[in-house]
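S.K.: Below is work-v7.csv; it holds CSV, C-alpha atoms.
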chain,number,residue,atom,x,y,z
A,1,MET,CA,-22.3,-33.2,3.1
A,2,PRO,CA,-21.4,-36.1,0.7
A,3,LYS,CA,-18.0,-37.7,1.4
A,4,LYS,CA,-16.8,-36.9,-2.1
A,5,SER,CA,-17.5,-33.2,-1.5
A,6,LEU,CA,-15.6,-33.3,1.8
A,7,VAL,CA,-12.6,-34.9,0.2
A,8,SER,CA,-12.7,-32.3,-2.7
A,9,ASP,CA,-12.8,-29.4,-0.2
A,10,LYS,CA,-9.9,-31.0,1.8
A,11,ASN,CA,-7.9,-31.4,-1.4
A,12,SER,CA,-8.6,-27.9,-2.4
A,13,ILE,CA,-7.5,-26.5,0.9
A,14,ASN,CA,-4.3,-28.7,0.9
A,15,ALA,CA,-3.6,-27.4,-2.6
A,16,MET,CA,-4.0,-23.8,-1.6
A,17,LYS,CA,-1.7,-24.4,1.4
A,18,ARG,CA,1.0,-25.8,-0.8
A,19,LYS,CA,0.6,-22.9,-3.2
A,20,GLU,CA,0.7,-20.4,-0.3
A,21,GLN,CA,3.9,-22.1,0.9
A,22,GLU,CA,5.5,-21.8,-2.5
A,23,THR,CA,4.6,-18.1,-2.8
A,24,ALA,CA,5.3,-17.0,0.7
A,25,ASP,CA,5.6,-13.4,1.5
A,26,ALA,CA,8.7,-11.8,0.1
A,27,SER,CA,9.6,-10.1,3.3
A,28,VAL,CA,9.3,-13.4,5.2
A,29,LEU,CA,11.5,-15.0,2.6
A,30,PHE,CA,14.0,-12.3,3.0
A,31,GLN,CA,14.1,-12.7,6.8
A,32,ASN,CA,14.2,-16.6,6.6
A,33,GLU,CA,17.0,-16.5,4.1
A,34,LYS,CA,18.9,-14.0,6.1
A,35,GLN,CA,18.7,-16.2,9.2
A,36,LYS,CA,19.9,-19.2,7.1
A,37,ARG,CA,22.9,-17.3,6.0
A,38,ILE,CA,23.7,-16.3,9.6
A,39,PHE,CA,23.3,-19.9,10.7
A,40,PHE,CA,25.4,-21.1,7.8
A,41,THR,CA,28.2,-18.7,8.7
A,42,ARG,CA,28.1,-19.6,12.4
A,43,SER,CA,28.1,-23.4,11.5
A,44,ILE,CA,31.2,-23.0,9.3
A,45,SER,CA,32.9,-20.9,12.0
A,46,THR,CA,32.3,-23.5,14.7
A,47,ARG,CA,33.7,-26.4,12.6
A,48,ASN,CA,36.8,-24.4,11.6
A,49,ILE,CA,37.6,-23.4,15.1
A,50,LYS,CA,38.2,-27.0,15.9
A,51,THR,CA,40.5,-27.6,12.8
A,52,SER,CA,41.9,-24.3,11.8
A,53,SER,CA,43.9,-21.4,13.1
A,54,TYR,CA,42.5,-18.1,14.2
A,55,LEU,CA,43.4,-16.7,10.8
A,56,ASN,CA,41.3,-19.4,9.0
A,57,VAL,CA,38.3,-18.7,11.3
A,58,LYS,CA,38.7,-15.0,10.5
A,59,ASN,CA,38.7,-15.8,6.8
A,60,VAL,CA,35.6,-17.9,7.1
A,61,LEU,CA,33.8,-15.1,8.9
A,62,LEU,CA,34.8,-12.7,6.2
A,63,ALA,CA,33.6,-15.1,3.6
A,64,GLY,CA,30.2,-15.5,5.4
A,65,LEU,CA,29.9,-11.7,5.5
A,66,LEU,CA,30.6,-11.6,1.8
A,67,LEU,CA,27.9,-14.1,1.2
A,68,ILE,CA,25.4,-12.0,3.1
A,69,VAL,CA,26.4,-8.9,1.2
A,70,LEU,CA,26.1,-10.7,-2.1
A,71,PHE,CA,22.7,-12.1,-1.1
A,72,SER,CA,21.5,-8.6,-0.1
A,73,GLY,CA,22.7,-7.3,-3.5
A,74,GLY,CA,20.8,-10.0,-5.4
A,75,ILE,CA,17.5,-10.9,-3.8
A,76,ALA,CA,17.0,-7.9,-1.6
A,77,GLY,CA,18.7,-5.3,-3.8
A,78,LYS,CA,15.9,-2.8,-3.6
A,79,PHE,CA,16.2,-2.7,0.2
A,80,VAL,CA,20.0,-2.1,0.0
A,81,THR,CA,19.5,0.5,-2.7
A,82,SER,CA,17.0,2.3,-0.5
A,83,SER,CA,19.4,2.3,2.4
A,84,LEU,CA,22.2,3.7,0.3
A,85,ARG,CA,19.9,6.5,-0.9
A,86,ILE,CA,18.9,7.3,2.7
A,87,ALA,CA,22.6,7.6,3.6
A,88,GLN,CA,23.2,10.0,0.6
A,89,ASN,CA,20.2,12.3,0.8
A,90,HIS,CA,19.0,14.3,3.8
A,91,LYS,CA,16.8,17.0,2.1
A,92,SER,CA,13.7,17.9,4.1
A,93,VAL,CA,10.2,17.8,2.7
A,94,ALA,CA,7.1,19.7,3.8
A,95,ILE,CA,3.8,18.2,2.7
A,96,ARG,CA,1.1,20.9,2.5
A,97,ILE,CA,-2.4,19.5,1.9
A,98,GLY,CA,-5.1,21.8,0.5
A,99,ASP,CA,-7.9,20.2,2.5
A,100,THR,CA,-8.6,20.0,6.3
A,101,ARG,CA,-7.7,16.8,8.1
A,102,GLN,CA,-11.4,16.1,8.7
A,103,HIS,CA,-12.1,16.2,4.9
A,104,LEU,CA,-9.6,13.5,3.9
A,105,ASP,CA,-11.0,10.1,3.1
A,106,TYR,CA,-9.4,6.7,3.5
A,107,ASP,CA,-7.9,6.7,0.0
A,108,PHE,CA,-6.5,10.2,0.4
A,109,THR,CA,-4.9,9.3,3.7
A,110,ALA,CA,-3.4,6.0,2.3
A,111,ALA,CA,-2.0,8.0,-0.6
A,112,ILE,CA,-0.4,10.6,1.7
A,113,ASN,CA,1.1,7.8,3.9
A,114,PHE,CA,2.5,6.1,0.8
A,115,LEU,CA,3.9,9.4,-0.5
A,116,GLN,CA,5.8,9.8,2.8
A,117,TYR,CA,6.9,6.2,2.8
A,118,ALA,CA,8.2,6.6,-0.8
A,119,LEU,CA,10.1,9.8,0.1
A,120,LYS,CA,11.7,8.2,3.1
A,121,ARG,CA,12.8,5.2,1.1
A,122,ASN,CA,14.5,7.6,-1.3
A,123,GLY,CA,16.4,9.3,1.4
A,124,TYR,CA,14.3,12.4,2.1
A,125,LYS,CA,13.4,13.6,5.6
A,126,ILE,CA,9.7,14.5,6.3
A,127,ALA,CA,9.8,17.8,8.0
A,128,GLY,CA,6.0,17.7,8.6
A,129,VAL,CA,2.5,17.5,7.2
A,130,THR,CA,0.2,20.4,7.4
A,131,TYR,CA,-3.4,21.0,6.3
A,132,ALA,CA,-5.7,23.8,5.1
A,133,GLY,CA,-6.0,26.4,7.9
A,134,ASN,CA,-2.4,26.0,8.9
A,135,LEU,CA,-0.4,25.4,5.8
A,136,TYR,CA,2.6,27.5,6.6
A,137,PRO,CA,3.7,27.0,10.2
A,138,ASN,CA,7.1,28.6,11.0
A,139,GLU,CA,8.7,25.3,11.9
A,140,LEU,CA,8.4,24.2,8.2
A,141,ASN,CA,10.0,27.4,6.7
A,142,ALA,CA,13.4,25.7,6.4
A,143,ALA,CA,12.1,22.7,4.3
A,144,GLU,CA,14.0,22.4,1.1
A,145,ILE,CA,11.2,20.9,-0.8
A,146,ASN,CA,7.5,21.8,-0.6
A,147,ILE,CA,4.9,19.3,-2.0
A,148,PHE,CA,1.5,20.9,-2.3
A,149,VAL,CA,-1.2,18.2,-2.3
A,150,ARG,CA,-4.4,19.0,-4.3
A,151,GLY,CA,-7.5,17.1,-3.5
A,152,PHE,CA,-10.9,17.6,-5.2
A,153,SER,CA,-10.9,21.3,-4.5
A,154,PRO,CA,-9.0,24.0,-6.3
A,155,PHE,CA,-5.7,24.9,-4.6
A,156,TYR,CA,-4.6,28.5,-5.1
A,157,ASP,CA,-3.1,29.5,-1.8
A,158,LEU,CA,0.5,28.8,-2.7
A,159,ARG,CA,3.0,31.0,-1.1
A,160,MET,CA,6.0,29.3,-2.6
A,161,ASN,CA,9.6,30.1,-1.8
A,162,ASP,CA,11.5,30.9,-5.0
A,163,HIS,CA,14.7,29.5,-3.4
A,164,LYS,CA,13.1,26.1,-2.7
A,165,THR,CA,11.7,23.3,-4.8
A,166,ASN,CA,7.9,23.4,-5.2
A,167,VAL,CA,5.9,20.4,-6.4
A,168,LEU,CA,2.2,20.1,-7.1
A,169,TYR,CA,0.8,16.6,-6.4
A,170,VAL,CA,-2.7,16.0,-7.8
A,171,HIS,CA,-4.0,13.0,-5.9
A,172,ARG,CA,-7.0,12.1,-8.1
A,173,TYR,CA,-8.4,13.4,-11.3
A,174,ALA,CA,-11.1,16.0,-11.0
A,175,ASP,CA,-12.1,19.3,-12.5
A,176,PHE,CA,-9.2,21.7,-12.5
A,177,TYR,CA,-8.2,25.1,-13.8
A,178,ALA,CA,-5.1,25.9,-15.9
A,179,GLU,CA,-4.2,28.6,-13.4
A,180,GLU,CA,-3.5,25.9,-10.8
A,181,PHE,CA,-0.6,24.5,-12.9
A,182,GLN,CA,1.7,27.4,-12.9
A,183,ASN,CA,5.0,28.4,-11.2
A,184,PHE,CA,5.8,24.9,-9.9
A,185,ASP,CA,9.1,23.2,-10.5
A,186,SER,CA,7.5,19.8,-11.1
A,187,TYR,CA,4.1,18.0,-11.1
A,188,LEU,CA,3.0,14.7,-9.8
A,189,SER,CA,-0.2,12.7,-10.2
A,190,SER,CA,-1.6,9.3,-9.2
A,191,GLN,CA,-3.8,9.0,-12.3
A,192,ARG,CA,-2.7,8.8,-15.9
A,193,LYS,CA,-5.9,10.3,-17.1
A,194,LEU,CA,-4.9,13.6,-15.6
A,195,MET,CA,-1.5,13.4,-17.3
A,196,ASP,CA,-3.3,12.9,-20.6
A,197,ALA,CA,-5.7,15.8,-19.9
A,198,ILE,CA,-3.0,18.4,-19.3
A,199,THR,CA,-1.9,19.7,-22.7
A,200,HIS,CA,-0.2,23.0,-22.1
A,201,ASN,CA,3.5,21.9,-22.1
A,202,ILE,CA,3.6,20.6,-18.5
A,203,ASP,CA,5.5,17.5,-17.7
A,204,ILE,CA,3.6,15.5,-15.1
A,205,SER,CA,5.3,12.5,-13.4
A,206,PHE,CA,3.3,9.4,-12.4
A,207,LEU,CA,3.2,8.2,-8.8
A,208,PRO,CA,2.7,4.5,-9.2
A,209,PRO,CA,0.3,2.3,-7.2
A,210,GLY,CA,1.8,1.6,-3.8
A,211,PHE,CA,1.4,0.7,-0.2
A,212,VAL,CA,2.9,1.1,3.2
A,213,PRO,CA,3.9,-2.4,4.6
A,214,HIS,CA,1.9,-3.6,7.5
A,215,ASP,CA,2.1,-6.6,9.8
A,216,VAL,CA,-0.4,-9.2,9.0
A,217,LEU,CA,-3.7,-9.0,10.9
A,218,ALA,CA,-4.4,-12.6,11.8
A,219,PRO,CA,-7.8,-12.8,13.5
A,220,GLN,CA,-8.3,-15.1,16.5
A,221,LYS,CA,-12.0,-14.7,16.2
A,222,TYR,CA,-14.6,-12.7,14.2
A,223,ASP,CA,-16.8,-10.2,15.9
A,224,PHE,CA,-18.9,-9.4,12.8
A,225,ASP,CA,-19.2,-10.5,9.2
A,226,ILE,CA,-18.7,-7.4,7.0
A,227,LEU,CA,-16.7,-4.2,7.3
A,228,TYR,CA,-18.2,-2.0,4.6
A,229,ILE,CA,-16.1,1.1,3.7
A,230,TYR,CA,-17.4,3.3,0.9
A,231,GLU,CA,-16.4,6.2,-1.3
A,232,PHE,CA,-19.9,5.9,-2.9
A,233,TYR,CA,-22.6,4.8,-0.5
A,234,ASN,CA,-24.7,2.0,-1.8
A,235,GLN,CA,-27.9,2.2,0.4
A,236,PHE,CA,-29.5,-0.8,-1.3
A,237,TYR,CA,-26.5,-3.0,-0.6
A,238,ASP,CA,-26.2,-1.9,3.0
A,239,ALA,CA,-29.9,-2.4,3.8
A,240,PHE,CA,-29.9,-5.8,2.1
A,241,MET,CA,-26.8,-7.1,3.9
A,242,GLN,CA,-28.1,-5.9,7.3
A,243,LYS,CA,-31.0,-8.3,7.0
A,244,LYS,CA,-28.7,-11.3,6.8
A,245,TYR,CA,-25.3,-10.4,8.3
A,246,GLN,CA,-23.7,-8.4,11.0
A,247,ILE,CA,-22.2,-5.4,9.2
A,248,ARG,CA,-20.3,-2.3,10.3
A,249,THR,CA,-20.5,0.6,7.8
A,250,TYR,CA,-18.1,3.5,7.5
A,251,SER,CA,-17.7,6.3,5.0
A,252,GLY,CA,-14.1,6.7,3.7
A,253,ASN,CA,-14.0,10.0,5.8
A,254,ASP,CA,-15.2,8.3,9.0
A,255,PHE,CA,-12.8,5.4,8.6
A,256,ALA,CA,-9.8,7.8,7.9
A,257,ILE,CA,-10.2,9.8,11.1
A,258,LEU,CA,-10.1,6.6,13.3
A,259,SER,CA,-6.8,5.9,15.1
A,260,GLU,CA,-4.5,3.3,13.7
A,261,ASN,CA,-5.4,0.9,16.5
A,262,GLU,CA,-9.1,1.5,15.9
A,263,ARG,CA,-8.8,0.7,12.2
A,264,ARG,CA,-6.7,-2.4,12.9
A,265,ASN,CA,-9.2,-3.7,15.4
A,266,LEU,CA,-12.1,-3.3,12.9
A,267,LEU,CA,-10.1,-5.0,10.1
A,268,GLN,CA,-9.0,-7.8,12.3
A,269,ASN,CA,-12.4,-8.7,13.6
A,270,ALA,CA,-14.2,-8.7,10.2
A,271,ARG,CA,-14.7,-11.8,8.2
A,272,VAL,CA,-14.7,-9.8,5.0
A,273,VAL,CA,-13.8,-6.2,4.1
A,274,VAL,CA,-15.9,-4.6,1.4
A,275,TYR,CA,-14.4,-1.4,-0.2
A,276,GLU,CA,-16.7,0.4,-2.6
A,277,MET,CA,-14.9,2.9,-4.9
A,278,GLY,CA,-16.5,6.1,-6.1
A,279,LYS,CA,-18.4,6.0,-9.4
A,280,THR,CA,-16.4,6.1,-12.6
A,281,GLY,CA,-16.6,9.1,-14.9
A,282,SER,CA,-14.0,11.7,-14.6
A,283,ASP,CA,-12.2,9.2,-12.4
A,284,ASP,CA,-9.5,7.1,-14.1
A,285,GLU,CA,-11.0,3.8,-15.1
A,286,THR,CA,-7.7,2.0,-14.3
A,287,TYR,CA,-7.1,3.8,-11.0
A,288,VAL,CA,-7.1,1.5,-8.0
A,289,PRO,CA,-7.4,3.5,-4.7
A,290,TYR,CA,-4.4,3.3,-2.4
A,291,ALA,CA,-6.9,2.3,0.3
A,292,VAL,CA,-7.4,-1.1,-1.5
A,293,PHE,CA,-3.7,-1.8,-1.5
A,294,ASP,CA,-3.6,-0.7,2.1
A,295,LEU,CA,-6.3,-3.3,3.0
A,296,ILE,CA,-4.5,-6.0,1.1
A,297,SER,CA,-1.3,-5.1,2.9
A,298,TYR,CA,-2.9,-6.0,6.2
A,299,GLY,CA,-3.7,-9.4,4.8
A,300,ARG,CA,-7.5,-9.1,5.0
A,301,PRO,CA,-10.0,-10.7,2.6
A,302,ILE,CA,-11.2,-8.0,0.2
A,303,VAL,CA,-14.4,-7.5,-1.9
A,304,THR,CA,-14.1,-4.4,-4.2
A,305,ASN,CA,-14.9,-3.0,-7.6
A,306,ARG,CA,-13.5,-4.6,-10.6
A,307,LYS,CA,-10.6,-2.8,-12.1
A,308,LEU,CA,-8.2,-4.1,-14.7
A,309,PRO,CA,-5.1,-4.1,-12.5
A,310,LEU,CA,-6.9,-6.0,-9.7
A,311,ASP,CA,-8.1,-8.6,-12.2
A,312,ALA,CA,-4.7,-9.0,-13.8
A,313,TYR,CA,-2.6,-9.2,-10.6
A,314,PHE,CA,-4.8,-10.7,-7.9
A,315,GLN,CA,-7.2,-12.9,-10.0
A,316,ASN,CA,-9.4,-15.0,-7.7
A,317,ASN,CA,-7.6,-14.1,-4.5
A,318,ILE,CA,-9.9,-11.1,-4.0
A,319,TRP,CA,-13.6,-10.9,-4.9
A,320,LEU,CA,-14.6,-8.3,-7.5
A,321,PHE,CA,-17.9,-6.9,-8.6
A,322,ASP,CA,-19.4,-4.7,-11.3
A,323,ASP,CA,-22.8,-3.6,-10.0
A,324,VAL,CA,-24.9,-3.9,-6.9
A,325,GLU,CA,-26.2,-7.4,-7.8
A,326,SER,CA,-22.7,-8.8,-8.3
A,327,MET,CA,-21.5,-6.8,-5.2
A,328,ILE,CA,-24.0,-8.8,-3.1
A,329,LEU,CA,-23.1,-12.0,-4.8
A,330,ALA,CA,-19.3,-11.5,-4.4
A,331,THR,CA,-19.8,-10.7,-0.7
A,332,GLN,CA,-21.9,-13.8,-0.2
A,333,GLN,CA,-19.3,-15.9,-2.0
A,334,ALA,CA,-16.6,-14.6,0.2
A,335,LEU,CA,-18.6,-15.3,3.4
A,336,ASN,CA,-19.6,-18.7,2.2
A,337,SER,CA,-16.0,-19.8,1.8
A,338,SER,CA,-14.5,-21.5,4.8
A,339,ASP,CA,-12.5,-19.3,7.1
A,340,GLU,CA,-9.4,-21.2,6.2
A,341,ILE,CA,-9.8,-20.8,2.4
A,342,ARG,CA,-10.8,-17.1,2.8
A,343,GLU,CA,-7.7,-16.3,4.9
A,344,LEU,CA,-5.5,-18.2,2.5
A,345,LYS,CA,-6.7,-16.2,-0.4
A,346,ALA,CA,-6.0,-13.0,1.6
A,347,ALA,CA,-2.5,-14.2,2.3
A,348,ARG,CA,-1.9,-15.0,-1.3
A,349,ALA,CA,-3.1,-11.5,-2.4
A,350,ARG,CA,-0.7,-10.0,0.1
A,351,THR,CA,2.1,-12.0,-1.3
A,352,VAL,CA,1.3,-10.8,-4.8
A,353,LEU,CA,1.3,-7.2,-3.6
A,354,TYR,CA,4.7,-7.5,-1.9
A,355,ASP,CA,6.2,-9.5,-4.8
A,356,PHE,CA,5.0,-7.5,-7.8
A,357,PHE,CA,4.4,-3.9,-6.8
A,358,ASP,CA,7.5,-1.8,-6.7
A,359,THR,CA,7.1,1.2,-4.4
A,360,ASN,CA,9.8,3.2,-6.0
A,361,SER,CA,9.3,6.0,-8.6
A,362,SER,CA,11.7,7.7,-10.9
A,363,PHE,CA,10.1,11.0,-9.9
A,364,PHE,CA,12.0,11.1,-6.6
A,365,LYS,CA,15.3,10.9,-8.4
A,366,LYS,CA,14.4,14.2,-10.2
A,367,LEU,CA,13.9,16.2,-7.0
A,368,LYS,CA,16.7,18.6,-6.5
Mind turning the file's structure into structure tokens?

M.R.:
Amino acid sequence: MPKKSLVSDKNSINAMKRKEQETADASVLFQNEKQKRIFFTRSISTRNIKTSSYLNVKNVLLAGLLLIVLFSGGIAGKFVTSSLRIAQNHKSVAIRIGDTRQHLDYDFTAAINFLQYALKRNGYKIAGVTYAGNLYPNELNAAEINIFVRGFSPFYDLRMNDHKTNVLYVHRYADFYAEEFQNFDSYLSSQRKLMDAITHNIDISFLPPGFVPHDVLAPQKYDFDILYIYEFYNQFYDAFMQKKYQIRTYSGNDFAILSENERRNLLQNARVVVYEMGKTGSDDETYVPYAVFDLISYGRPIVTNRKLPLDAYFQNNIWLFDDVESMILATQQALNSSDEIRELKAARARTVLYDFFDTNSSFFKKLK
């Protein structure tokens, strides 16, 4: 390789390192700043023990505590607010899913996990999650709120308790019947297109894009090149990539039923994770599967379909495609990047996710 090219690559890597340092993960920033405050408080206390009375030391400690409280209220306000809500609200929620556990795909599973996470952040207690075939176990009879989750199949088996709060959550837009939207206290959807489609005087709240925070998966080595997870199976892509690369292929359903440790192991050992969304049509053109945010939250390099929110927020920190040709090209571009640059891009995408995506929703404040 020409010397000029090597210098250029090195400068590019150094520039990305500096940028990554400047935009470090919000959660890491919070912990670092918290430790600085604690160290600052201890340092002040030590100096004043030598020169001041016990009363002065006590005042310094109180002042340090005040600094920490003020800091929490400013930079980490949403964490403090969530804690206050948890202290004030103890209502129990039963999540009843109108599909069997085996029929959930990765996106559906990620959405349910995020729903539980968002409820807990807003102070609710998850009484349990049940699936078709056992929707009404006795141990959930006392739940004060029932959230019925509608997948792609009609959901009529709703033995609701008139004395409890009953919510219908439509995960993704699909064909539906007016009879499904009756007798509920409130409605929730992950797609605005559904909200626009319902016209018969029903107020549907929007569950925003979100994620459950994960520890970063920092690979020590790579066992294979591509982890291909699909909603829509692209046979041509899979066959073409198998000729050139080591690839592991999973449907969204197959990946969803793996244990958390099995999923983490696959994600950590892949150079690149390719997530292919289902075909557009009745699906919301701006909807980004929760599975994509889940993958980004792990800090893995992502190749996926082009959607406006992904382009706007993550820019060139993830690789996007529009068709099978650009899907192959985007995957090869990701693989041809150096391991260092590819992992830096993944870390920067994760930083954007943690910095700009608020996992709260006004809907949870409406639950009574």

S.K.: I'd like the contact shell of region 275-278 of chain A - 7 Å cut-off, all atoms listed in the file, skipping same-chain residues fewer than 6 positions apart - returned as a ChimeraX atom specification.

M.R.: /A:228-232,303-305

S.K.: Compare A:Phe181, A:Ser92, A:Phe155, A:Phe314 by their minimum atom-to-atom distance to Ala142 (chain A), counting only C-alpha atoms, and give me the closest one.

M.R.: A:Ser92

S.K.: I'd like the neighbourhood of Asp185 (chain A) as JSON, numbers by chain, where a residue qualifies if any of its atoms comes within 10 Å (using all atoms listed in the file), though same-chain residues fewer than 2 positions away should be ignored.

M.R.: {"A": [162, 164, 165, 166, 167, 168, 182, 183, 187, 203, 367, 368]}

S.K.: Report, in Å to a single decimal, how far apart CA of Ile302 (chain A) and CA of Arg101 (chain A) are.

M.R.: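 A separation of 26.3 Å between them.
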
S.K.: Suppose you want the space between CA of Ala111 (chain A) and CA of Ala291 (chain A); what is it in Å?

M.R.: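 We find that CA of Ala111 (chain A) and CA of Ala291 (chain A) lie 7.6 Å from each other.
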
S.K.: If you count only C-alpha atoms, which residues fall within 10 Å of Leu104 (chain A), apart from same-chain ones fewer than 4 positions away, as a list in words?

M.R.: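 In the requested form, the answer reads Ile97, Asp99, Thr100, Phe108, Thr109, Ala110, Ile112, Gly151, Gly252, Asn253, Asp254, Phe255, Ala256 and Ile257 of chain A.
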
S.K.: Mind giving me the straight-line distance from CA of Asn146 (chain A) to CA of Ala94 (chain A) in Å, one decimal?

M.R.: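 Pair CA of Asn146 (chain A) / CA of Ala94 (chain A) returns 4.9 Å.
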
S.K.: Quick one: of A:Asp107, A:Asp355, A:Asp175, A:Asp322, who's nearest to Asp294 (chain A), counting only C-alpha atoms?

M.R.: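 Using only C-alpha atoms, Asp294 (chain A) sits closest to A:Asp107.
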
S.K.: Can you tell me which residues surround Arg350 (chain A) at a distance of at most 8 Å, considering all atoms listed in the file, apart from same-chain residues fewer than 6 positions away, and format the answer as a list in words?

M.R.: Asp25, Ile296, Ser297, Tyr298 and Gly299 of chain A

S.K.: Restrict the selected residues to C-alpha atoms and save them as a PDB file, keeping the file's coordinate frame.

M.R.:
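Now in selection.pdb:
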ATOM      1  CA  ASP A  25       5.600 -13.400   1.500  1.00  0.00           C
ATOM      2  CA  ILE A 296      -4.500  -6.000   1.100  1.00  0.00           C
ATOM      3  CA  SER A 297      -1.300  -5.100   2.900  1.00  0.00           C
ATOM      4  CA  TYR A 298      -2.900  -6.000   6.200  1.00  0.00           C
ATOM      5  CA  GLY A 299      -3.700  -9.400   4.800  1.00  0.00           C
TER       6      GLY A 299
END

S.K.: So, counting all atoms listed in the file, which residue among A:Ala349, A:Val212, A:Val170, A:Ala178 is closest to Lys193 (chain A)?

M.R.: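 Among A:Ala349, A:Val212, A:Val170, A:Ala178, it is A:Val170 that comes nearest to Lys193 (chain A).
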
S.K.: Considering all atoms listed in the file, can you say which of A:His214, A:Asn316, A:Gln102, A:Pro154 comes closest to Glu260 (chain A)?

M.R.: A:His214

S.K.: I'd like the neighbourhood of region 188-192 of chain A as an MDAnalysis selection string, where a residue qualifies if any of its atoms comes within 9 Å (using only C-alpha atoms), though same-chain residues fewer than 6 positions away should be ignored.

M.R.: chainID A and resid 111 167:173 203:209 283:284 286:287 363
